[in-house]
>>> print(open('data.cif').read())   # mmCIF, C-alpha atoms
data_run
loop_
_atom_site.label_atom_id
_atom_site.label_comp_id
_atom_site.auth_asym_id
_atom_site.auth_seq_id
_atom_site.Cartn_x
_atom_site.Cartn_y
_atom_site.Cartn_z
CA MET A 16 128.87 72.16 119.63
CA GLN A 17 129.03 68.49 120.44
CA ALA A 18 125.96 66.71 121.78
CA THR A 19 125.86 65.80 125.43
CA SER A 20 127.22 62.30 125.84
CA ASP A 21 124.99 59.44 126.92
CA GLU A 22 127.08 59.05 130.06
CA VAL A 23 126.48 62.68 131.06
CA LEU A 24 122.75 62.22 130.44
CA ILE A 25 122.71 59.14 132.67
CA GLY A 26 124.39 61.19 135.41
CA ARG A 27 121.68 63.82 135.13
CA ILE A 28 118.93 61.20 135.07
CA ALA A 29 120.37 59.77 138.28
CA ASN A 30 119.77 63.21 139.73
CA GLY A 31 116.15 63.21 138.61
CA ASP A 32 116.51 65.35 135.47
CA ARG A 33 113.45 64.60 133.29
CA LEU A 34 114.81 66.65 130.41
CA ALA A 35 117.88 64.40 130.25
CA MET A 36 115.50 61.42 130.27
CA GLN A 37 113.63 62.86 127.31
CA VAL A 38 116.87 63.41 125.38
CA LEU A 39 118.09 59.88 126.05
CA PHE A 40 114.71 58.45 125.06
CA ALA A 41 114.60 60.49 121.85
CA ARG A 42 118.12 59.41 121.00
CA HIS A 43 117.72 55.66 121.44
CA HIS A 44 114.10 54.55 121.60
CA VAL A 45 113.72 53.68 117.93
CA ARG A 46 116.68 51.32 117.85
CA VAL A 47 115.70 49.72 121.14
CA TYR A 48 112.17 49.29 119.80
CA ARG A 49 113.45 47.60 116.63
CA PHE A 50 115.64 45.27 118.65
CA VAL A 51 112.70 44.31 120.85
CA VAL A 52 110.14 44.01 118.07
CA ARG A 53 112.43 41.59 116.22
CA LEU A 54 112.50 39.43 119.35
CA VAL A 55 108.87 39.55 120.46
CA ARG A 56 107.33 40.00 116.98
CA ASN A 57 104.54 42.18 118.27
CA GLU A 58 104.56 45.96 117.89
CA SER A 59 102.22 46.69 120.80
CA THR A 60 104.19 44.46 123.15
CA ALA A 61 107.43 46.05 121.94
CA GLU A 62 106.07 49.55 122.68
CA ASP A 63 105.12 48.50 126.20
CA LEU A 64 108.52 46.97 126.70
CA ILE A 65 110.52 50.01 125.65
CA SER A 66 108.58 52.08 128.19
CA GLU A 67 109.64 49.54 130.80
CA VAL A 68 113.24 49.57 129.57
CA PHE A 69 113.55 53.34 129.94
CA LEU A 70 111.69 53.27 133.26
CA ASP A 71 114.39 50.89 134.48
CA VAL A 72 116.99 53.39 133.26
CA TRP A 73 115.23 56.11 135.28
CA ARG A 74 115.28 53.89 138.36
CA GLN A 75 118.78 52.47 137.99
CA ALA A 76 120.73 55.38 136.48
CA GLY A 77 122.47 55.97 139.79
CA ARG A 78 123.90 52.47 139.65
CA PHE A 79 125.27 52.76 136.09
CA GLU A 80 129.04 52.50 136.42
CA GLY A 81 130.01 53.35 132.87
CA ARG A 82 131.96 50.16 132.28
CA SER A 83 130.10 49.65 129.02
CA ALA A 84 128.44 51.95 126.51
CA VAL A 85 124.99 53.20 127.45
CA THR A 86 123.54 51.57 124.32
CA THR A 87 124.97 48.23 125.40
CA TRP A 88 123.29 48.67 128.78
CA LEU A 89 120.00 49.63 127.12
CA LEU A 90 120.06 46.59 124.84
CA SER A 91 120.90 44.31 127.77
CA ILE A 92 117.86 45.54 129.69
CA ALA A 93 115.71 45.31 126.55
CA ARG A 94 116.80 41.77 125.85
CA PHE A 95 116.11 40.67 129.42
CA LYS A 96 112.62 42.16 129.31
CA ALA A 97 111.83 40.72 125.89
CA LEU A 98 112.91 37.23 126.90
CA SER A 99 111.02 37.49 130.18
CA THR A 100 107.89 38.40 128.25
CA LEU A 101 108.35 35.48 125.90
CA ARG A 102 108.84 33.15 128.85
CA ARG A 103 105.68 34.42 130.50
CA ARG A 104 103.72 33.82 127.34
CA PRO A 105 105.29 30.77 125.72
CA GLU A 106 102.36 30.41 123.36
CA ASP A 107 103.56 33.60 121.72
CA GLU A 108 106.98 32.24 121.03
CA LEU A 109 107.07 31.18 117.45
CA ASP A 110 108.84 28.20 116.07
CA GLU A 111 110.89 28.54 112.98
CA GLU A 112 108.18 27.33 110.64
CA THR A 113 105.72 29.89 111.95
CA ALA A 114 108.37 32.55 111.91
CA GLY A 115 109.16 31.72 108.32
CA ALA A 116 105.55 32.33 107.45
CA ILE A 117 105.66 35.88 108.80
CA GLU A 118 105.75 38.39 106.03
CA ASP A 119 108.67 40.68 105.61
CA PRO A 120 107.11 44.08 106.35
CA SER A 121 109.35 45.74 103.83
CA ASP A 122 108.09 43.75 100.89
CA ASP A 123 105.68 41.02 99.89
CA PRO A 124 107.86 37.91 99.68
CA GLU A 125 105.65 36.16 97.13
CA VAL A 126 105.85 39.06 94.76
CA ALA A 127 109.52 39.45 95.48
CA LEU A 128 110.12 35.81 94.63
CA GLU A 129 108.29 36.16 91.34
CA LYS A 130 110.42 39.14 90.51
CA LYS A 131 113.55 37.23 91.50
CA ASP A 132 114.26 39.98 93.94
CA LYS A 133 117.29 38.61 95.75
CA SER A 134 117.36 41.36 98.32
CA ALA A 135 113.77 40.74 99.37
CA ILE A 136 114.43 37.01 99.62
CA ILE A 137 117.42 37.61 101.88
CA ARG A 138 115.27 39.82 104.11
CA LYS A 139 112.54 37.20 104.12
CA CYS A 140 115.07 34.56 105.18
CA LEU A 141 116.45 36.88 107.88
CA THR A 142 112.97 37.00 109.42
CA GLY A 143 112.84 33.20 109.27
CA LEU A 144 115.84 32.68 111.54
CA SER A 145 115.40 31.55 115.14
CA ALA A 146 115.23 34.25 117.82
CA GLU A 147 118.76 33.39 118.92
CA HIS A 148 120.13 33.80 115.41
CA ARG A 149 118.06 36.90 114.59
CA GLU A 150 119.31 38.50 117.77
CA ILE A 151 123.00 38.03 117.08
CA ILE A 152 122.75 39.10 113.44
CA ASP A 153 120.87 42.26 114.44
CA LEU A 154 123.33 43.09 117.21
CA VAL A 155 126.34 42.73 114.92
CA TYR A 156 125.03 44.20 111.68
CA TYR A 157 122.36 46.72 112.73
CA HIS A 158 123.32 47.72 116.27
CA GLU A 159 127.05 47.66 115.39
CA LYS A 160 128.09 45.86 118.53
CA SER A 161 131.60 44.49 118.88
CA VAL A 162 132.34 40.88 119.85
CA GLU A 163 132.88 42.01 123.45
CA GLU A 164 129.66 44.01 123.57
CA VAL A 165 127.57 41.18 122.12
CA ALA A 166 129.10 38.87 124.72
CA GLU A 167 128.02 41.28 127.45
CA ILE A 168 124.48 41.77 126.11
CA VAL A 169 123.78 38.10 125.45
CA GLY A 170 125.77 36.82 128.41
CA ILE A 171 127.99 34.35 126.58
CA PRO A 172 131.77 34.05 126.08
CA GLU A 173 133.36 35.96 123.20
CA ASN A 174 134.34 32.79 121.34
CA THR A 175 130.73 31.61 121.56
CA VAL A 176 129.65 34.93 120.05
CA LYS A 177 131.81 34.26 116.98
CA THR A 178 130.63 30.67 116.73
CA ARG A 179 126.97 31.61 117.11
CA MET A 180 127.32 34.29 114.44
CA PHE A 181 128.89 31.74 112.13
CA TYR A 182 126.01 29.29 112.65
CA ALA A 183 123.43 32.05 112.25
CA ARG A 184 124.95 32.90 108.87
CA LYS A 185 125.15 29.22 107.97
CA LYS A 186 121.45 28.80 108.77
CA LEU A 187 120.69 31.87 106.68
CA ALA A 188 122.58 30.30 103.78
CA GLU A 189 120.48 27.13 104.15
CA LEU A 190 117.23 29.12 104.10
CA LEU A 191 118.44 30.99 101.03
CA LYS A 192 119.32 27.74 99.31
CA ALA A 193 115.83 26.39 100.07
CA ALA A 194 114.46 29.61 98.55
CA GLY A 195 116.44 29.00 95.38
CA ILE A 196 119.53 31.12 96.05
CA GLU A 197 122.75 29.14 96.05
CA ARG A 198 125.62 31.26 97.35
CA GLY A 199 128.36 28.65 97.28
CA TRP A 200 128.90 29.00 101.01
CA PRO A 201 129.45 27.34 103.45
CA MET B 1 152.14 27.61 103.51
CA ASN B 2 149.92 24.81 102.25
CA MET B 3 146.12 24.86 102.34
CA LEU B 4 145.89 22.60 105.41
CA ASN B 5 147.87 25.10 107.44
CA LYS B 6 146.00 27.95 105.91
CA GLU B 7 142.43 26.73 106.59
CA PRO B 8 142.32 27.24 110.40
CA GLU B 9 143.72 30.71 109.97
CA ARG B 10 141.19 31.44 107.26
CA PHE B 11 138.39 30.23 109.56
CA ASP B 12 139.58 32.61 112.29
CA ILE B 13 139.66 35.48 109.85
CA GLU B 14 136.35 34.52 108.28
CA ALA B 15 134.69 34.56 111.72
CA LEU B 16 135.68 38.22 112.01
CA LEU B 17 134.25 39.28 108.64
CA PRO B 18 130.81 40.36 109.99
CA TRP B 19 132.46 42.73 112.47
CA HIS B 20 134.87 43.94 109.79
CA ALA B 21 131.88 44.83 107.60
CA ALA B 22 130.28 46.70 110.51
CA GLY B 23 133.55 48.48 111.34
CA THR B 24 133.59 47.29 114.95
CA LEU B 25 136.89 45.40 115.02
CA SER B 26 139.95 46.60 116.90
CA ARG B 27 142.62 48.20 114.72
CA ARG B 28 144.79 45.12 115.10
CA ASP B 29 142.08 42.66 114.01
CA ALA B 30 140.97 44.96 111.20
CA ASP B 31 144.56 44.98 109.88
CA ARG B 32 144.69 41.18 110.03
CA VAL B 33 141.47 40.91 108.04
CA GLU B 34 142.62 43.49 105.50
CA GLN B 35 145.90 41.66 104.94
CA ALA B 36 144.12 38.33 104.48
CA LEU B 37 141.58 39.84 102.09
CA ALA B 38 144.31 41.38 99.99
CA SER B 39 145.71 38.00 98.97
CA ASP B 40 142.77 35.56 99.21
CA ARG B 41 140.18 35.65 96.43
CA GLU B 42 137.90 33.11 98.10
CA LEU B 43 137.88 35.19 101.28
CA GLN B 44 137.03 38.23 99.17
CA ARG B 45 134.06 36.36 97.70
CA ARG B 46 132.85 35.37 101.17
CA TYR B 47 133.28 38.94 102.40
CA ALA B 48 131.01 40.07 99.57
CA LEU B 49 128.34 37.68 100.93
CA VAL B 50 128.78 39.16 104.42
CA ARG B 51 128.36 42.68 103.05
CA GLU B 52 125.20 41.57 101.26
CA GLU B 53 123.73 40.22 104.55
CA PHE B 54 124.88 43.35 106.36
CA ALA B 55 123.07 45.63 103.90
CA GLU B 56 119.85 43.61 103.97
CA THR B 57 119.82 43.40 107.77
CA ILE B 58 119.98 47.19 107.92
CA HIS B 59 117.27 47.45 105.26
CA LEU B 60 115.05 45.04 107.17
CA ASN B 61 115.49 46.83 110.51
CA GLU B 62 114.95 50.26 109.00
CA SER B 63 111.67 49.02 107.53
CA LEU B 64 110.36 48.17 111.00
CA GLY B 65 109.25 51.73 111.62
CA ALA B 66 109.19 53.46 114.97
CA PRO B 67 107.03 53.21 118.07
CA SER B 68 104.10 55.58 118.50
CA SER B 69 104.11 58.44 120.98
CA ARG B 70 102.22 56.10 123.34
CA ALA B 71 105.56 54.62 124.45
CA MET B 72 106.89 57.98 125.64
CA GLU B 73 103.56 58.98 127.21
CA LYS B 74 103.42 55.71 129.09
CA LEU B 75 107.02 56.12 130.27
CA PHE B 76 106.54 59.60 131.67
CA ALA B 77 103.18 58.70 133.20
CA ALA B 78 104.97 55.88 135.02
CA ILE B 79 107.75 58.26 136.12
CA ASP B 80 105.15 60.77 137.36
CA ALA B 81 103.32 58.06 139.29
CA GLU B 82 106.56 56.81 140.79
CA GLU B 83 107.66 60.30 141.81
CA ALA B 84 104.23 60.99 143.32
CA ARG B 85 104.41 57.82 145.39
CA ALA B 86 107.99 58.19 146.54
CA PRO B 87 109.83 61.33 145.44
CA ARG B 88 113.38 60.54 144.51
CA ARG B 89 115.98 61.78 146.96
CA ARG B 90 118.15 63.83 144.68
CA ALA B 91 121.68 64.86 145.21
CA SER B 92 122.11 68.55 145.92
CA PHE B 93 122.15 70.73 142.83
CA ASP B 94 125.57 70.29 141.31
CA LEU B 95 126.38 73.78 140.08
CA ALA B 96 130.11 73.07 139.92
CA GLY B 97 129.41 70.01 137.79
CA ARG B 98 127.20 72.01 135.45
CA ILE B 99 129.87 74.67 135.05
CA SER B 100 132.45 72.01 134.33
CA GLU B 101 130.24 70.34 131.72
CA PHE B 102 129.47 73.66 130.07
CA LEU B 103 133.11 74.67 129.78
CA ALA B 104 134.18 71.22 128.68
CA SER B 105 132.05 71.59 125.56
CA PHE B 106 134.11 74.60 124.47
CA THR B 107 137.58 74.18 125.89
CA PRO B 108 140.19 71.55 126.67
CA ARG B 109 139.50 69.47 129.75
CA THR B 110 142.35 71.08 131.67
CA LEU B 111 140.77 74.48 131.25
CA ALA B 112 137.44 73.08 132.39
CA TRP B 113 139.06 71.75 135.55
CA SER B 114 140.80 75.06 136.18
CA ALA B 115 137.59 77.00 135.63
CA THR B 116 135.67 74.68 137.91
CA ALA B 117 138.29 75.01 140.62
CA ALA B 118 138.20 78.79 140.25
CA ALA B 119 134.39 78.83 140.38
CA VAL B 120 134.36 76.64 143.48
CA ALA B 121 137.00 78.89 145.09
CA ILE B 122 134.84 81.95 144.41
CA VAL B 123 131.76 80.26 145.88
CA VAL B 124 133.72 79.24 148.98
CA GLN B 125 135.16 82.73 149.28
CA ALA B 126 131.66 84.22 148.98
CA ALA B 127 130.38 81.88 151.69
CA VAL B 128 133.22 82.84 154.02
CA ILE B 129 132.69 86.57 153.41
CA THR B 130 128.94 86.15 153.95
CA ALA B 131 129.56 84.32 157.20
CA VAL B 132 131.97 87.03 158.40
CA VAL B 133 129.63 89.86 157.42
CA VAL B 134 126.63 88.18 159.04
CA LYS B 135 128.61 87.59 162.20
CA ASP B 136 129.82 91.17 162.27
CA ARG B 137 126.23 92.37 162.04
CA GLY B 138 125.34 90.44 165.16
CA ALA B 139 123.44 87.67 163.44
CA PRO B 140 123.18 84.28 165.11
CA SER B 141 126.61 82.73 165.27
CA THR B 142 125.57 79.34 163.95
CA TYR B 143 127.32 78.75 160.66
CA GLY B 144 125.27 77.61 157.65
CA VAL B 145 125.43 77.80 153.91
CA ALA B 146 123.43 80.75 152.71
CA ASN B 147 120.17 79.91 150.94
CA LYS B 148 121.10 81.04 147.45
CA SER B 149 117.54 81.72 146.45
CA GLN B 150 117.23 84.28 149.25
CA HIS B 151 120.66 85.83 149.73
CA VAL B 152 122.44 85.83 146.37
CA ASP B 153 122.26 89.09 144.46
CA GLY B 154 121.28 89.20 140.84
CA SER B 155 118.28 88.99 138.54
CA PHE B 156 116.46 85.72 138.05
CA VAL B 157 113.60 84.22 136.04
CA VAL B 158 112.02 80.77 136.01
CA VAL B 159 112.00 79.14 132.58
CA SER B 160 110.27 75.97 131.40
CA PHE B 161 111.40 74.34 128.18
CA VAL B 162 109.26 72.41 125.74
CA PRO B 163 109.66 68.61 125.99
CA GLN B 164 111.23 68.46 122.51
CA ALA B 165 114.05 70.88 123.41
CA THR B 166 117.43 69.21 123.31
CA VAL B 167 120.22 69.83 125.77
CA ALA B 168 122.26 71.41 122.97
CA GLU B 169 119.45 73.86 122.18
CA ILE B 170 119.03 74.77 125.83
CA THR B 171 122.77 75.26 126.27
CA LYS B 172 122.82 77.49 123.21
CA PHE B 173 119.83 79.43 124.54
CA LEU B 174 121.52 80.01 127.89
CA GLY B 175 124.75 81.03 126.20
CA ALA B 176 122.96 83.50 123.93
CA HIS B 177 121.42 85.23 126.92
CA LYS B 178 124.51 84.92 129.13
CA ALA B 179 122.29 83.10 131.62
CA THR B 180 123.14 80.24 133.95
CA VAL B 181 120.96 77.61 135.57
CA VAL B 182 121.01 77.99 139.35
CA GLU B 183 118.18 75.74 140.44
CA ALA B 184 116.57 72.56 139.15
CA PRO B 185 112.82 72.36 138.36
CA THR B 186 112.23 70.15 141.36
CA ARG B 187 113.16 73.00 143.69
CA THR B 188 111.22 75.80 142.08
CA PRO B 189 107.53 76.24 142.88
CA LEU B 190 106.66 76.64 139.20
CA GLY B 191 108.48 73.52 138.10
CA GLY B 192 110.84 75.34 135.76
CA TYR B 193 114.57 76.00 135.78
CA ARG B 194 115.56 79.04 137.84
CA ILE B 195 118.11 80.91 135.78
CA LYS B 196 120.30 83.84 136.60
CA LEU B 197 120.34 86.69 134.09
CA SER B 198 122.91 88.86 135.80
CA ASP B 199 125.14 88.90 138.85
CA THR B 200 123.79 92.32 139.74
CA LYS B 201 120.22 93.42 140.24
CA LEU B 202 118.98 94.70 136.89
CA PRO B 203 116.31 97.42 136.50
CA ASP B 204 112.80 95.96 136.08
CA ASP B 205 112.43 97.24 132.51
CA GLU B 206 115.72 95.57 131.57
CA VAL B 207 114.53 92.23 133.00
CA THR B 208 111.23 92.64 131.13
CA ARG B 209 113.13 93.32 127.89
CA ILE B 210 115.31 90.21 128.30
CA THR B 211 112.28 88.10 129.23
CA LYS B 212 110.38 89.22 126.14
CA GLN B 213 113.41 88.43 124.01
CA MET B 214 113.53 84.96 125.55
CA GLN B 215 109.84 84.38 125.01
CA ASP B 216 110.27 85.15 121.34
CA GLU B 217 112.35 82.00 121.17
CA SER B 218 109.17 79.99 121.46
CA LYS B 219 110.73 77.03 119.74
CA ILE B 220 112.20 75.78 123.00
CA VAL B 221 110.64 77.94 125.73
CA SER B 222 107.18 77.06 127.01
CA PHE B 223 106.89 79.72 129.74
CA ILE B 224 108.93 82.32 131.58
CA ALA B 225 108.02 83.74 134.95
CA LEU B 226 109.65 86.77 136.52
CA GLN B 227 111.27 86.31 139.91
CA PRO B 228 111.29 89.20 142.32
#
>>> encode(input="data.cif", output="structure tokens")
Amino acid sequence: MQATSDEVLIGRIANGDRLAMQVLFARHHVRVYRFVVRLVRNESTAEDLISEVFLDVWRQAGRFEGRSAVTTWLLSIARFKALSTLRRRPEDELDEETAGAIEDPSDDPEVALEKKDKSAIIRKCLTGLSAEHREIIDLVYYHEKSVEEVAEIVGIPENTVKTRMFYARKKLAELLKAAGIERGWP
Amino acid sequence: MNMLNKEPERFDIEALLPWHAAGTLSRRDADRVEQALASDRELQRRYALVREEFAETIHLNESLGAPSSRAMEKLFAAIDAEEARAPRRRASFDLAGRISEFLASFTPRTLAWSATAAAVAIVVQAAVITAVVVKDRGAPSTYGVANKSQHVDGSFVVVSFVPQATVAEITKFLGAHKATVVEAPTRTPLGGYRIKLSDTKLPDDEVTRITKQMQDESKIVSFIALQP
């Protein structure tokens, strides 16, 4: 039997169905959390924000028109809340140098470097990108969003999406080069 | 075609490589990329770099872990508080919609529509007959939809499901017991779903037997209360 679609769940949530809310939360909260935590760089803040994201879904489900996928809607709300939080607390927004100093949680970058672990270095450099570049790379590669969907979530034209992705990858290549990995591109 | 003419086209194609790796291009664009990759070794090399970034981005995100249960607790505490302050005005219980959804999961959409139409016709017919019978018995002549919880025959119980129960599990549970949801938790005093076990009034021992059988499925049921 196929799972109930997100759109059907939203319809039930609009009617006050808490069970549907639980199913939607269970289905998407981890990915939304990861998207937010990559933007705000604070797990506790990210947890608070995903509660707020899904509370907005509870409140606004009746106004969801189904023009985009539910996940696109969720990520749009999450992005707005994450950026609002960063704006409210600008001291928490990290510049690229500070960001570059943040450890990759999946591995110790120093050790990885000693071991010439290319994968770990790429991940380390991915964490060192600016919020704008991290965001677009995550949306395309991890959240599997199309050009059109990224444009909707970020609120930019589709051609700008492609250009921004190109420059995000270019910046990644520069960070990799600085870390000793020459890829011969761009 | 010389390289000068080829470069802008290559740039266009190259810009699509991240989406090609993620499988999110339209069929038309995916075909364009595939054709270009088939004959361009440099583009193939660059696509390998994209796939490397793609894999590491997934690895990085998957290593971020998951939020604690605090996030869900906080969400539902906020929903409870909001509902306590200003209960949401819900649309009337959409039984026809539920029937349609249920059938749609098994049958083609056309059948679901037909079944829904038939179900609605039966409900309307029942309402008309009820109105005629009530009128014939000298009841007040004001017309109103019968309160289903008071006037519809059958056997009912109120069931509450555990928070972890998925919609698929609940649907399967209802199907296994040939039961249908007739009332949402918000309308039942116990806060559970009112479900119909049978269209006719079953003997008490039969209802008790079915209830016990349901309770044994403790994986998704938290409580069952008999309804007179």
>>> closest_atom_pairs(input="data.cif", of="chain B", to="chain A", cutoff="7 Å", atoms="all atoms listed in the file", output="CSV")
residue,atom,partner,partner_atom,distance
B:Ala15,CA,A:Lys177,CA,6.0
B:Trp19,CA,A:Val155,CA,6.6
B:Ala22,CA,A:Glu159,CA,5.9
B:Thr24,CA,A:Ser161,CA,5.2
B:Leu25,CA,A:Ser161,CA,6.6
B:Phe54,CA,A:Tyr156,CA,5.4
B:Glu56,CA,A:Arg138,CA,5.9
B:Thr57,CA,A:Tyr157,CA,6.5
B:Ile58,CA,A:Tyr157,CA,5.4
B:Leu60,CA,A:Arg138,CA,6.1
B:Asn61,CA,A:Arg49,CA,6.5
B:Ser63,CA,A:Ser121,CA,5.5
B:Leu64,CA,A:Arg49,CA,6.4
B:Ala66,CA,A:Val45,CA,5.4
B:Pro67,CA,A:Glu62,CA,6.0
B:Ala71,CA,A:Glu62,CA,5.4
B:Met72,CA,A:Ser66,CA,6.6
B:Lys74,CA,A:Ser66,CA,6.4
B:Leu75,CA,A:Ser66,CA,4.8
B:Ile79,CA,A:Leu70,CA,7.0
B:Arg90,CA,A:Asn30,CA,5.2
B:Ala91,CA,A:Asn30,CA,6.0
B:Ser105,CA,A:Gln17,CA,6.7
B:Thr166,CA,A:Val38,CA,6.2
B:Val167,CA,A:Thr19,CA,6.9
B:Ala168,CA,A:Ala18,CA,6.1
>>> residues_around(input="data.cif", residues="B:Arg10", least_positions_apart="3", cutoff="12 Å", atoms="only C-alpha atoms", output="VMD selection string")
chain B and resid 3 to 7 13 to 17 32 to 33 35 to 37 39 to 44 46 to 47
>>> atom_distance(input="data.cif", atom1="atom CA of A:Tyr182", atom2="atom CA of A:Val85")
28.1 Å
>>> closest_residue(input="data.cif", among="B:Asp204, B:Arg85, B:Phe156, B:Gly175", to="B:Gln227", atoms="only C-alpha atoms")
B:Phe156
>>> closest_residue(input="data.cif", among="A:Arg94, A:His43, A:Arg82, A:Lys185", to="A:Ile168", atoms="only C-alpha atoms")
A:Arg94
>>> closest_residue(input="data.cif", among="A:Gln75, A:Thr175, A:Thr86, A:Thr100", to="A:Thr60", atoms="all atoms listed in the file")
A:Thr100
>>> closest_residue(input="data.cif", among="A:Val55, A:Ala76, A:Ile92, A:Ala146", to="A:Ile25", atoms="all atoms listed in the file")
A:Ala76
>>> axis_aligned_box(input="data.cif", around="stretch 174-178 of chain A", padding_each_side="5 Å", output="lines of an AutoDock Vina configuration file")
center_x = 132.0
center_y = 32.8
center_z = 119.1
size_x = 14.7
size_y = 14.3
size_z = 14.8
>>> atom_distance(input="data.cif", atom1="atom CA of A:Gly195", atom2="atom CA of B:Arg51")
19.7 Å
>>> atom_distance(input="data.cif", atom1="atom CA of B:Glu34", atom2="atom CA of B:Glu9")
13.6 Å
>>> residues_near_point(input="data.cif", point="(117.9, 96.1, 142.0)", cutoff="10 Å", atoms="only C-alpha atoms", output="PyMOL selection string")
chain B and resi 153-155+200-204+228
>>> resolve_selection(input="data.cif", expression="the PyMOL selection byres ((chain B and resi 210-220) around 9)", output="ChimeraX atom specification")
/B:157,160-166,169-170,173,177,197,205-209,221-226
